[in-house]
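Structure file work28.txt; described as compact mmCIF, C-alpha atoms.
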```txt
# COMPACT_ATOMS: atom_id res chain seq x y z
CA MET A 1 22.12 8.77 12.43
CA LYS A 2 25.15 6.52 12.71
CA LYS A 3 27.41 7.33 9.79
CA GLY A 4 27.41 4.76 7.04
CA ALA A 5 25.00 2.55 8.95
CA LYS A 6 23.01 0.30 6.69
CA ILE A 7 19.40 0.26 7.81
CA SER A 8 17.27 -2.64 6.66
CA ASN A 9 14.27 -2.01 4.47
CA ALA A 10 12.03 -3.51 7.14
CA VAL A 11 13.09 -0.83 9.62
CA ILE A 12 12.64 1.93 7.06
CA ARG A 13 9.13 0.69 6.42
CA ARG A 14 8.31 0.93 10.11
CA LEU A 15 9.61 4.49 10.53
CA PRO A 16 6.62 6.26 8.91
CA ARG A 17 4.39 4.40 11.33
CA TYR A 18 6.45 5.47 14.35
CA ARG A 19 6.32 9.01 13.01
CA ARG A 20 2.54 8.86 12.53
CA TYR A 21 1.92 7.74 16.11
CA LEU A 22 4.37 10.28 17.50
CA GLY A 23 2.51 12.99 15.57
CA GLU A 24 -0.77 11.89 17.15
CA LEU A 25 0.83 11.89 20.63
CA GLN A 26 2.17 15.40 20.04
CA LYS A 27 -1.31 16.58 19.09
CA LYS A 28 -2.62 15.12 22.33
CA GLY A 29 0.02 17.03 24.29
CA VAL A 30 2.06 13.98 25.33
CA ASP A 31 5.72 14.92 25.96
CA LYS A 32 7.40 11.59 26.62
CA ILE A 33 6.65 7.92 26.22
CA SER A 34 8.35 4.72 27.38
CA SER A 35 9.00 1.89 24.96
CA ASN A 36 6.43 -0.17 26.90
CA GLU A 37 3.70 2.44 26.56
CA PHE A 38 4.63 2.98 22.93
CA SER A 39 4.44 -0.77 22.38
CA LYS A 40 0.82 -0.93 23.56
CA LEU A 41 -0.11 1.91 21.26
CA ILE A 42 1.68 0.94 18.05
CA GLY A 43 1.50 -2.84 18.33
CA TYR A 44 5.23 -3.66 18.01
CA THR A 45 7.00 -5.24 20.98
CA ALA A 46 8.96 -2.89 23.28
CA SER A 47 12.16 -4.71 22.39
CA GLN A 48 11.44 -4.26 18.67
CA ILE A 49 10.92 -0.55 19.26
CA ARG A 50 14.18 -0.18 21.19
CA GLN A 51 16.05 -2.15 18.55
CA ASP A 52 14.58 -0.16 15.65
CA LEU A 53 15.23 3.23 17.15
CA ASN A 54 18.69 2.19 18.27
CA ASN A 55 19.61 1.97 14.60
CA PHE A 56 19.67 5.71 14.54
CA GLY A 57 21.80 6.29 17.59
CA GLY A 58 19.17 5.61 20.25
CA PHE A 59 17.01 8.48 21.39
CA GLY A 60 15.65 6.92 24.56
CA GLN A 61 16.97 7.50 28.04
CA GLN A 62 16.84 4.77 30.65
CA GLY A 63 14.01 5.48 33.09
CA TYR A 64 12.72 8.42 31.09
CA GLY A 65 11.60 7.06 27.75
CA TYR A 66 11.45 8.87 24.46
CA ASN A 67 10.92 12.58 24.02
CA VAL A 68 7.95 12.59 21.64
CA LYS A 69 8.71 15.86 19.87
CA ASP A 70 12.42 15.18 19.42
CA LEU A 71 11.86 11.65 18.18
CA HIS A 72 9.21 12.84 15.71
CA SER A 73 11.60 15.47 14.44
CA GLU A 74 14.52 13.03 14.22
CA ILE A 75 12.52 10.50 12.24
CA SER A 76 11.27 13.23 9.92
CA GLY A 77 14.90 14.16 9.31
CA ILE A 78 15.97 10.57 8.71
CA LEU A 79 13.18 10.03 6.21
CA GLY A 80 14.04 13.29 4.44
CA LEU A 81 10.70 14.90 5.25
CA LYS A 82 12.25 18.23 6.15
CA ASN A 83 12.91 18.87 2.47
CA LYS A 84 10.37 19.90 -0.17
CA TYR A 85 9.56 17.68 -3.12
CA ARG A 86 8.26 18.50 -6.59
CA LEU A 87 6.05 15.88 -8.19
CA VAL A 88 4.35 15.19 -11.47
CA LEU A 89 1.56 12.68 -11.96
CA VAL A 90 0.75 10.72 -15.11
CA GLY A 91 -2.84 9.66 -15.79
CA ALA A 92 -5.74 11.98 -14.92
CA GLY A 93 -8.28 9.24 -14.15
CA ASN A 94 -10.01 8.63 -10.84
CA LEU A 95 -6.94 7.28 -9.13
CA GLY A 96 -4.84 10.20 -10.38
CA HIS A 97 -7.50 12.53 -9.07
CA ALA A 98 -7.60 10.80 -5.69
CA ILE A 99 -3.81 10.87 -5.30
CA THR A 100 -3.56 14.54 -6.34
CA ASN A 101 -6.27 15.35 -3.84
CA TYR A 102 -4.61 13.32 -1.11
CA ILE A 103 -1.22 14.99 -1.55
CA GLY A 104 -2.77 18.46 -1.78
CA ASN A 105 -4.77 18.00 1.41
CA TYR A 106 -2.65 15.80 3.61
CA ARG A 107 1.00 15.95 2.62
CA SER A 108 2.75 19.23 3.23
CA GLY A 109 6.23 19.32 1.70
CA PHE A 110 4.98 17.54 -1.42
CA ALA A 111 3.57 19.46 -4.39
CA VAL A 112 2.07 17.95 -7.53
CA GLU A 113 2.99 20.60 -10.13
CA GLY A 114 1.64 18.99 -13.27
CA ILE A 115 -0.61 16.14 -14.35
CA PHE A 116 0.15 14.56 -17.72
CA GLU A 117 -2.43 13.00 -20.00
CA VAL A 118 -2.83 11.71 -23.53
CA ASN A 119 -6.60 12.30 -23.66
CA PRO A 120 -7.03 15.60 -25.60
CA GLU A 121 -10.37 16.30 -23.89
CA MET A 122 -8.69 16.56 -20.48
CA ILE A 123 -5.60 18.52 -21.50
CA GLY A 124 -5.97 22.20 -20.57
CA GLN A 125 -8.26 21.52 -17.61
CA THR A 126 -7.18 21.57 -14.00
CA LEU A 127 -7.55 19.00 -11.25
CA ASP A 128 -7.63 20.42 -7.71
CA GLY A 129 -5.87 23.46 -9.09
CA VAL A 130 -3.12 21.45 -10.82
CA PRO A 131 -2.92 21.88 -14.62
CA ILE A 132 -3.53 18.83 -16.84
CA LEU A 133 -0.86 18.97 -19.56
CA ASP A 134 -0.01 17.14 -22.76
CA TYR A 135 1.97 13.98 -22.06
CA ASP A 136 4.27 14.92 -24.95
CA SER A 137 5.46 17.97 -23.02
CA MET A 138 6.39 16.02 -19.88
CA VAL A 139 10.12 15.54 -20.44
CA GLU A 140 10.74 19.25 -20.96
CA PHE A 141 8.56 20.11 -17.94
CA ILE A 142 10.52 17.77 -15.66
CA GLU A 143 13.89 18.99 -16.95
CA THR A 144 12.90 22.64 -16.40
CA ARG A 145 11.26 22.21 -13.01
CA LYS A 146 13.78 19.72 -11.64
CA THR A 147 10.93 17.41 -10.67
CA ASP A 148 11.91 14.93 -7.96
CA ILE A 149 9.19 12.29 -8.17
CA GLY A 150 6.91 10.92 -10.88
CA ILE A 151 3.65 9.26 -9.89
CA ILE A 152 2.25 6.67 -12.30
CA CYS A 153 -1.54 6.35 -12.28
CA THR A 154 -1.94 4.91 -15.78
CA GLY A 155 -3.11 1.43 -16.71
CA LYS A 156 -0.83 -1.56 -16.54
CA GLU A 157 -0.06 -1.50 -20.27
CA SER A 158 1.59 1.92 -20.48
CA ALA A 159 3.26 2.01 -17.07
CA GLN A 160 6.72 0.80 -18.12
CA GLU A 161 6.89 3.21 -21.06
CA VAL A 162 5.86 6.09 -18.79
CA ALA A 163 8.49 5.02 -16.25
CA ASP A 164 11.20 4.97 -18.94
CA LYS A 165 10.24 8.49 -19.96
CA LEU A 166 10.24 9.74 -16.36
CA CYS A 167 13.72 8.28 -15.82
CA PHE A 168 14.98 9.75 -19.09
CA ALA A 169 13.69 13.16 -18.00
CA GLY A 170 15.59 12.85 -14.73
CA VAL A 171 13.24 12.11 -11.82
CA LYS A 172 14.91 10.62 -8.74
CA GLY A 173 12.03 8.39 -7.74
CA ILE A 174 8.84 6.81 -9.03
CA TRP A 175 5.67 6.11 -7.03
CA ASN A 176 3.88 3.50 -9.10
CA PHE A 177 0.20 2.64 -8.73
CA ALA A 178 -0.10 0.60 -11.94
CA PRO A 179 -0.44 -3.12 -11.11
CA VAL A 180 2.96 -4.10 -12.50
CA ASP A 181 6.53 -4.17 -11.12
CA LEU A 182 8.63 -1.65 -13.01
CA GLU A 183 12.17 -2.23 -14.22
CA LEU A 184 14.24 0.86 -13.61
CA PRO A 185 17.87 1.97 -13.68
CA GLY A 186 19.64 1.57 -10.33
CA HIS A 187 19.85 5.29 -9.60
CA VAL A 188 16.08 5.78 -9.61
CA ALA A 189 14.18 4.75 -6.46
CA VAL A 190 10.80 3.10 -6.89
CA GLU A 191 7.83 2.17 -4.72
CA ASN A 192 5.28 -0.07 -6.35
CA VAL A 193 1.92 0.19 -4.59
CA HIS A 194 0.23 -3.13 -5.21
CA LEU A 195 -3.29 -2.78 -3.91
CA SER A 196 -3.99 -6.44 -4.62
CA ASP A 197 -1.20 -7.56 -2.26
CA SER A 198 -2.96 -5.81 0.59
CA LEU A 199 -6.40 -7.10 -0.42
CA TYR A 200 -5.13 -10.68 -0.69
CA SER A 201 -3.44 -10.45 2.66
CA LEU A 202 -6.77 -9.31 4.14
CA VAL A 203 -8.57 -12.24 2.54
CA TYR A 204 -6.00 -14.67 3.94
CA HIS A 205 -6.62 -13.38 7.45
CA ILE A 206 -10.40 -13.55 7.01
CA ASN A 207 -10.16 -17.21 6.06
CA LYS A 208 -7.64 -17.95 8.79
CA MET A 209 -10.07 -16.49 11.36
CA ASP A 210 -12.92 -18.55 9.94
CA SER A 211 -10.90 -21.75 10.15
CA ASN A 212 -9.95 -21.03 13.78
CA LYS A 213 -13.58 -20.92 14.86
CA MET B 214 -0.77 -26.52 3.76
CA LYS B 215 0.72 -28.06 6.88
CA LYS B 216 -2.09 -28.41 9.37
CA GLY B 217 -2.03 -25.87 12.15
CA ALA B 218 1.18 -24.32 10.86
CA LYS B 219 1.56 -20.73 11.90
CA ILE B 220 2.76 -18.70 8.96
CA SER B 221 4.38 -15.37 9.72
CA ASN B 222 2.80 -12.19 8.44
CA ALA B 223 5.95 -11.44 6.48
CA VAL B 224 5.52 -14.65 4.47
CA ILE B 225 1.83 -13.97 3.90
CA ARG B 226 2.73 -10.54 2.57
CA ARG B 227 5.10 -12.08 0.05
CA LEU B 228 2.62 -14.67 -1.27
CA PRO B 229 0.60 -12.27 -3.44
CA ARG B 230 3.84 -11.23 -5.08
CA TYR B 231 4.82 -14.85 -5.80
CA ARG B 232 1.36 -15.38 -7.21
CA ARG B 233 1.57 -12.29 -9.41
CA TYR B 234 4.87 -13.37 -10.96
CA LEU B 235 3.65 -16.94 -11.43
CA GLY B 236 0.60 -15.55 -13.23
CA GLU B 237 2.85 -13.60 -15.59
CA LEU B 238 4.97 -16.70 -16.22
CA GLN B 239 1.87 -18.73 -17.00
CA LYS B 240 0.76 -16.11 -19.53
CA LYS B 241 4.17 -16.36 -21.19
CA GLY B 242 3.76 -20.14 -21.44
CA VAL B 243 6.46 -21.03 -18.88
CA ASP B 244 5.77 -24.44 -17.29
CA LYS B 245 8.45 -24.71 -14.63
CA ILE B 246 10.97 -22.52 -12.88
CA SER B 247 13.90 -23.16 -10.54
CA SER B 248 14.28 -21.18 -7.34
CA ASN B 249 17.39 -19.56 -8.87
CA GLU B 250 15.55 -18.39 -11.98
CA PHE B 251 12.62 -17.28 -9.86
CA SER B 252 15.02 -15.36 -7.62
CA LYS B 253 16.36 -13.30 -10.54
CA LEU B 254 12.84 -12.46 -11.59
CA ILE B 255 11.20 -11.64 -8.30
CA GLY B 256 14.16 -10.17 -6.44
CA TYR B 257 14.11 -12.40 -3.34
CA THR B 258 17.06 -14.75 -2.73
CA ALA B 259 16.67 -18.36 -3.88
CA SER B 260 17.03 -19.52 -0.28
CA GLN B 261 14.29 -17.12 0.83
CA ILE B 262 12.01 -18.50 -1.88
CA ARG B 263 12.66 -22.11 -0.87
CA GLN B 264 12.12 -21.26 2.79
CA ASP B 265 8.90 -19.33 2.12
CA LEU B 266 7.33 -21.98 -0.07
CA ASN B 267 8.45 -24.74 2.25
CA ASN B 268 6.04 -23.29 4.82
CA PHE B 269 3.25 -24.76 2.77
CA GLY B 270 4.63 -28.23 2.38
CA GLY B 271 7.21 -27.51 -0.32
CA PHE B 272 6.12 -27.66 -3.91
CA GLY B 273 9.56 -27.82 -5.52
CA GLN B 274 11.31 -30.93 -6.66
CA GLN B 275 15.08 -31.20 -6.49
CA GLY B 276 16.53 -30.77 -10.00
CA TYR B 277 13.18 -29.88 -11.52
CA GLY B 278 12.05 -26.68 -9.86
CA TYR B 279 8.53 -25.46 -9.35
CA ASN B 280 5.57 -26.26 -11.55
CA VAL B 281 4.31 -22.76 -12.37
CA LYS B 282 0.66 -23.61 -12.82
CA ASP B 283 0.41 -25.84 -9.73
CA LEU B 284 2.22 -23.36 -7.53
CA HIS B 285 0.01 -20.50 -8.73
CA SER B 286 -3.06 -22.58 -7.99
CA GLU B 287 -1.74 -23.65 -4.56
CA ILE B 288 -0.98 -20.09 -3.53
CA SER B 289 -4.40 -18.95 -4.73
CA GLY B 290 -5.91 -21.64 -2.53
CA ILE B 291 -3.79 -20.70 0.49
CA LEU B 292 -4.74 -17.05 0.17
CA GLY B 293 -8.42 -17.97 -0.19
CA LEU B 294 -8.68 -16.59 -3.72
CA LYS B 295 -10.69 -19.53 -4.99
CA ASN B 296 -13.70 -18.22 -3.07
CA LYS B 297 -15.93 -15.29 -4.04
CA TYR B 298 -16.18 -12.19 -1.87
CA ARG B 299 -18.95 -9.63 -1.50
CA LEU B 300 -17.84 -6.11 -0.74
CA VAL B 301 -19.31 -2.75 0.15
CA LEU B 302 -17.48 0.54 -0.08
CA VAL B 303 -18.06 3.65 2.02
CA GLY B 304 -17.32 7.07 0.54
CA ALA B 305 -18.10 7.82 -3.12
CA GLY B 306 -15.29 10.32 -3.67
CA ASN B 307 -12.43 10.00 -6.13
CA LEU B 308 -10.64 7.33 -4.16
CA GLY B 309 -13.86 5.34 -3.76
CA HIS B 310 -14.41 5.65 -7.48
CA ALA B 311 -10.85 4.54 -8.27
CA ILE B 312 -11.08 1.50 -5.98
CA THR B 313 -14.50 0.46 -7.33
CA ASN B 314 -13.13 0.75 -10.82
CA TYR B 315 -9.99 -1.19 -9.93
CA ILE B 316 -11.91 -4.08 -8.38
CA GLY B 317 -14.42 -4.17 -11.23
CA ASN B 318 -11.71 -4.31 -13.89
CA TYR B 319 -8.87 -6.24 -12.33
CA ARG B 320 -10.07 -8.41 -9.47
CA SER B 321 -12.27 -11.31 -10.43
CA GLY B 322 -13.78 -13.05 -7.43
CA PHE B 323 -14.40 -9.72 -5.70
CA ALA B 324 -17.63 -7.78 -6.26
CA VAL B 325 -18.46 -4.35 -4.86
CA GLU B 326 -22.24 -4.61 -4.45
CA GLY B 327 -23.00 -1.25 -2.87
CA ILE B 328 -21.37 2.12 -2.27
CA PHE B 329 -22.55 4.05 0.78
CA GLU B 330 -22.62 7.82 1.05
CA VAL B 331 -24.00 10.57 3.26
CA ASN B 332 -24.07 13.18 0.47
CA PRO B 333 -27.74 13.28 -0.69
CA GLU B 334 -26.74 14.51 -4.15
CA MET B 335 -24.86 11.30 -4.87
CA ILE B 336 -27.33 8.82 -3.38
CA GLY B 337 -29.35 7.16 -6.14
CA GLN B 338 -26.63 7.46 -8.76
CA THR B 339 -24.37 4.62 -9.85
CA LEU B 340 -20.60 4.37 -10.03
CA ASP B 341 -19.27 1.93 -12.62
CA GLY B 342 -22.63 0.20 -12.45
CA VAL B 343 -22.64 -0.07 -8.64
CA PRO B 344 -25.50 1.73 -6.87
CA ILE B 345 -24.69 4.59 -4.50
CA LEU B 346 -26.91 4.10 -1.44
CA ASP B 347 -27.80 5.96 1.73
CA TYR B 348 -25.23 5.35 4.47
CA ASP B 349 -28.13 4.89 6.92
CA SER B 350 -29.22 1.75 5.06
CA MET B 351 -25.80 0.10 5.22
CA VAL B 352 -26.24 -2.17 8.24
CA GLU B 353 -29.40 -3.78 6.83
CA PHE B 354 -27.75 -4.18 3.41
CA ILE B 355 -24.74 -5.97 4.90
CA GLU B 356 -26.89 -8.21 7.10
CA THR B 357 -29.09 -9.19 4.15
CA ARG B 358 -26.32 -9.71 1.60
CA LYS B 359 -23.86 -11.34 4.01
CA THR B 360 -21.18 -8.90 2.91
CA ASP B 361 -17.65 -10.16 3.60
CA ILE B 362 -15.54 -7.02 3.37
CA GLY B 363 -16.08 -3.30 3.94
CA ILE B 364 -13.82 -0.81 2.19
CA ILE B 365 -13.39 2.56 3.89
CA CYS B 366 -12.69 5.46 1.52
CA THR B 367 -13.93 8.24 3.78
CA GLY B 368 -11.87 10.98 5.38
CA LYS B 369 -9.81 10.39 8.49
CA GLU B 370 -12.44 11.87 10.82
CA SER B 371 -15.29 9.45 10.11
CA ALA B 372 -13.25 6.28 9.50
CA GLN B 373 -13.47 4.80 13.02
CA GLU B 374 -17.23 5.37 13.23
CA VAL B 375 -17.71 3.73 9.82
CA ALA B 376 -15.52 0.82 10.93
CA ASP B 377 -17.61 0.34 14.09
CA LYS B 378 -20.76 0.24 12.00
CA LEU B 379 -19.27 -2.24 9.52
CA CYS B 380 -18.25 -4.52 12.40
CA PHE B 381 -21.66 -4.21 14.02
CA ALA B 382 -23.27 -5.21 10.73
CA GLY B 383 -21.07 -8.28 10.54
CA VAL B 384 -18.32 -7.90 7.96
CA LYS B 385 -15.35 -10.23 8.38
CA GLY B 386 -12.70 -7.81 7.20
CA ILE B 387 -12.05 -4.13 6.59
CA TRP B 388 -9.84 -2.65 3.89
CA ASN B 389 -9.10 0.82 5.17
CA PHE B 390 -7.79 3.65 2.99
CA ALA B 391 -8.40 6.45 5.50
CA PRO B 392 -5.08 7.69 6.92
CA VAL B 393 -5.69 6.35 10.43
CA ASP B 394 -5.12 3.00 12.18
CA LEU B 395 -8.47 1.53 13.12
CA GLU B 396 -9.28 -0.19 16.40
CA LEU B 397 -11.38 -3.26 15.78
CA PRO B 398 -12.65 -6.31 17.62
CA GLY B 399 -10.33 -9.31 17.35
CA HIS B 400 -12.61 -11.33 15.08
CA VAL B 401 -12.51 -8.75 12.29
CA ALA B 402 -9.43 -8.69 10.04
CA VAL B 403 -8.12 -5.33 8.91
CA GLU B 404 -5.65 -3.99 6.36
CA ASN B 405 -4.80 -0.34 6.70
CA VAL B 406 -3.43 1.04 3.43
CA HIS B 407 -1.21 3.95 4.44
CA LEU B 408 -0.20 5.66 1.25
CA SER B 409 2.10 8.00 3.17
CA ASP B 410 4.18 5.08 4.49
CA SER B 411 5.00 4.09 0.94
CA LEU B 412 5.66 7.71 -0.16
CA TYR B 413 7.97 8.31 2.82
CA SER B 414 9.85 5.12 2.18
CA LEU B 415 10.38 6.30 -1.41
CA VAL B 416 11.68 9.65 -0.20
CA TYR B 417 14.11 7.94 2.18
CA HIS B 418 15.56 5.93 -0.69
CA ILE B 419 15.85 9.01 -2.90
CA ASN B 420 17.87 10.80 -0.24
CA LYS B 421 19.95 7.72 0.49
CA MET B 422 20.88 7.51 -3.19
CA ASP B 423 21.76 11.20 -3.25
CA SER B 424 24.02 10.84 -0.22
CA ASN B 425 25.83 7.86 -1.78
CA LYS B 426 26.88 9.87 -4.82
```

In structure tokens, how does this file's structure come out?
Amino acid sequence: MKKGAKISNAVIRRLPRYRRYLGELQKKGVDKISSNEFSKLIGYTASQIRQDLNNFGGFGQQGYGYNVKDLHSEISGILGLKNKYRLVLVGAGNLGHAITNYIGNYRSGFAVEGIFEVNPEMIGQTLDGVPILDYDSMVEFIETRKTDIGIICTGKESAQEVADKLCFAGVKGIWNFAPVDLELPGHVAVENVHLSDSLYSLVYHINKMDSNK
Amino acid sequence: MKKGAKISNAVIRRLPRYRRYLGELQKKGVDKISSNEFSKLIGYTASQIRQDLNNFGGFGQQGYGYNVKDLHSEISGILGLKNKYRLVLVGAGNLGHAITNYIGNYRSGFAVEGIFEVNPEMIGQTLDGVPILDYDSMVEFIETRKTDIGIICTGKESAQEVADKLCFAGVKGIWNFAPVDLELPGHVAVENVHLSDSLYSLVYHINKMDSNK
């Protein structure tokens, strides 16, 4: 990666998608791909692809294309996916269960080490092998384990308070599924997953298609 | 909305966020807001806000700002949120449960009318009041009920087959939570929710912050 280069958020958001397609190509035994072929597959223009990947020093060779394995590995490195991450999750409801399950099954390098709850009936149980612990013990747990990321799967009402506590305890990032934008100190990264934004965007396109008929 | 105007996807993706903040402002009793005030709140630049909203004819008045209630209502109309939508969901696991619950509690105008499963032990039960039905009966159900949207909460392996069946049955849009990009006919809208993209983007920002220290 070019030293000190400032990469736009839009490019960062596209990198996981590049990586995903490159992973699929690798599985299919494809060694190299041109920006034109890649364009057909991933749905960005070839010029967009060249421009995006050029941000990181440019992996492509004229007349050869991209080396699938190397590019996949480079992007993994850029995103920080060669490291391991410790996670905690707050809120042992259905969504918390689904996310724990998803990370356990699909995301190597990420480990949910504890799930925190206020409901006394759930505390002491396990969820996909992860212990459900008392929310009051969370700060100490995070401090001891050096937890990197806190996942918020609570309702809207308690999300900000949970976020404050996670920051106080020292997480570096928050993955928030509660339908609210969190306010956080500048040194803590945050991704708010707003399911409604994606649903509404879908609905817009449905109506747009209808009106084009 | 300007007739025939082509609005970029990027703008469409920002509209739900505008709407969300306007909803919060309404709840707090705020009647009007300038693009500068709105900028501080929502985190886009004031010029971006003016440019975005100008796409739809421009609601702001010089020296007055935006009327919160009107703008909220206009954006709802643009997105198609003044209509009602019938949904079905495929896959009654934890994620399916979480999404059914989320729509039932938070999203008025959207109704999940049936959940489809292949697991015979689950068929016949209900999930948050929604019946769990045999996957084999899905096409007829959708044809009869004129279902608008199919939600895919199955594993990666069966997602494309489920999508094909939903399209065959006549849904207008698919909201896909399986970690795979679906291939669909052009007349069906699709939103792929890739949780990993958001997690990886978070991880990038965590590492970026670390390296800036």

Distance-based interface of chain B with chain A, 7 Å, counting only C-alpha atoms, as a list of chain:residue names: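 That gives B:Ile225, B:Arg226, B:Pro229, B:Arg230, B:Leu292, B:Gly293, B:Asn307, B:Leu308, B:His310, B:Ala311, B:Lys385, B:Gly386, B:His400, B:Ala402, B:Val403, B:Glu404, B:Asp410, B:Ser411, B:Tyr413, B:Ser414, B:Leu415, B:Val416, B:Tyr417, B:His418, B:Ile419, B:Asn420, B:Met422 for chain B.
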
Non-local contacts of B:Glu326 (9 Å; only C-alpha atoms; under 6 positions in same chain excluded) as a PyMOL selection string: chain B and resi 299-302+343-344+358+360

Point-to-point distance from atom CA of B:Lys369 to atom CA of B:Glu356, Å rounded to tenths: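 Atom CA of B:Lys369 sits 25.3 Å away from atom CA of B:Glu356.
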
Coordinates-based distance that separates atom CA of A:Lys165 from atom CA of A:Pro185 (Å, one decimal):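 Result for atom CA of A:Pro185 versus atom CA of A:Lys165: 11.8 Å, one decimal.
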
Can you pull out the residues contacting B:Lys245? Cut-off 6 Å, using only C-alpha atoms, and skip same-chain residues under 6 positions away; I want them as a JSON list (two decimals) with C-alpha atoms, in the coordinates of the input.
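Result file part_0.json:
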```
[["chain", "number", "residue", "atom", "x", "y", "z"],
["B", 279, "TYR", "CA", 8.53, -25.46, -9.35],
["B", 280, "ASN", "CA", 5.57, -26.26, -11.55],
["B", 281, "VAL", "CA", 4.31, -22.76, -12.37]]
```

Atom CA of B:Ser321 to atom CA of B:Gly236, distance in Å rounded to a single decimal: 13.8 Å
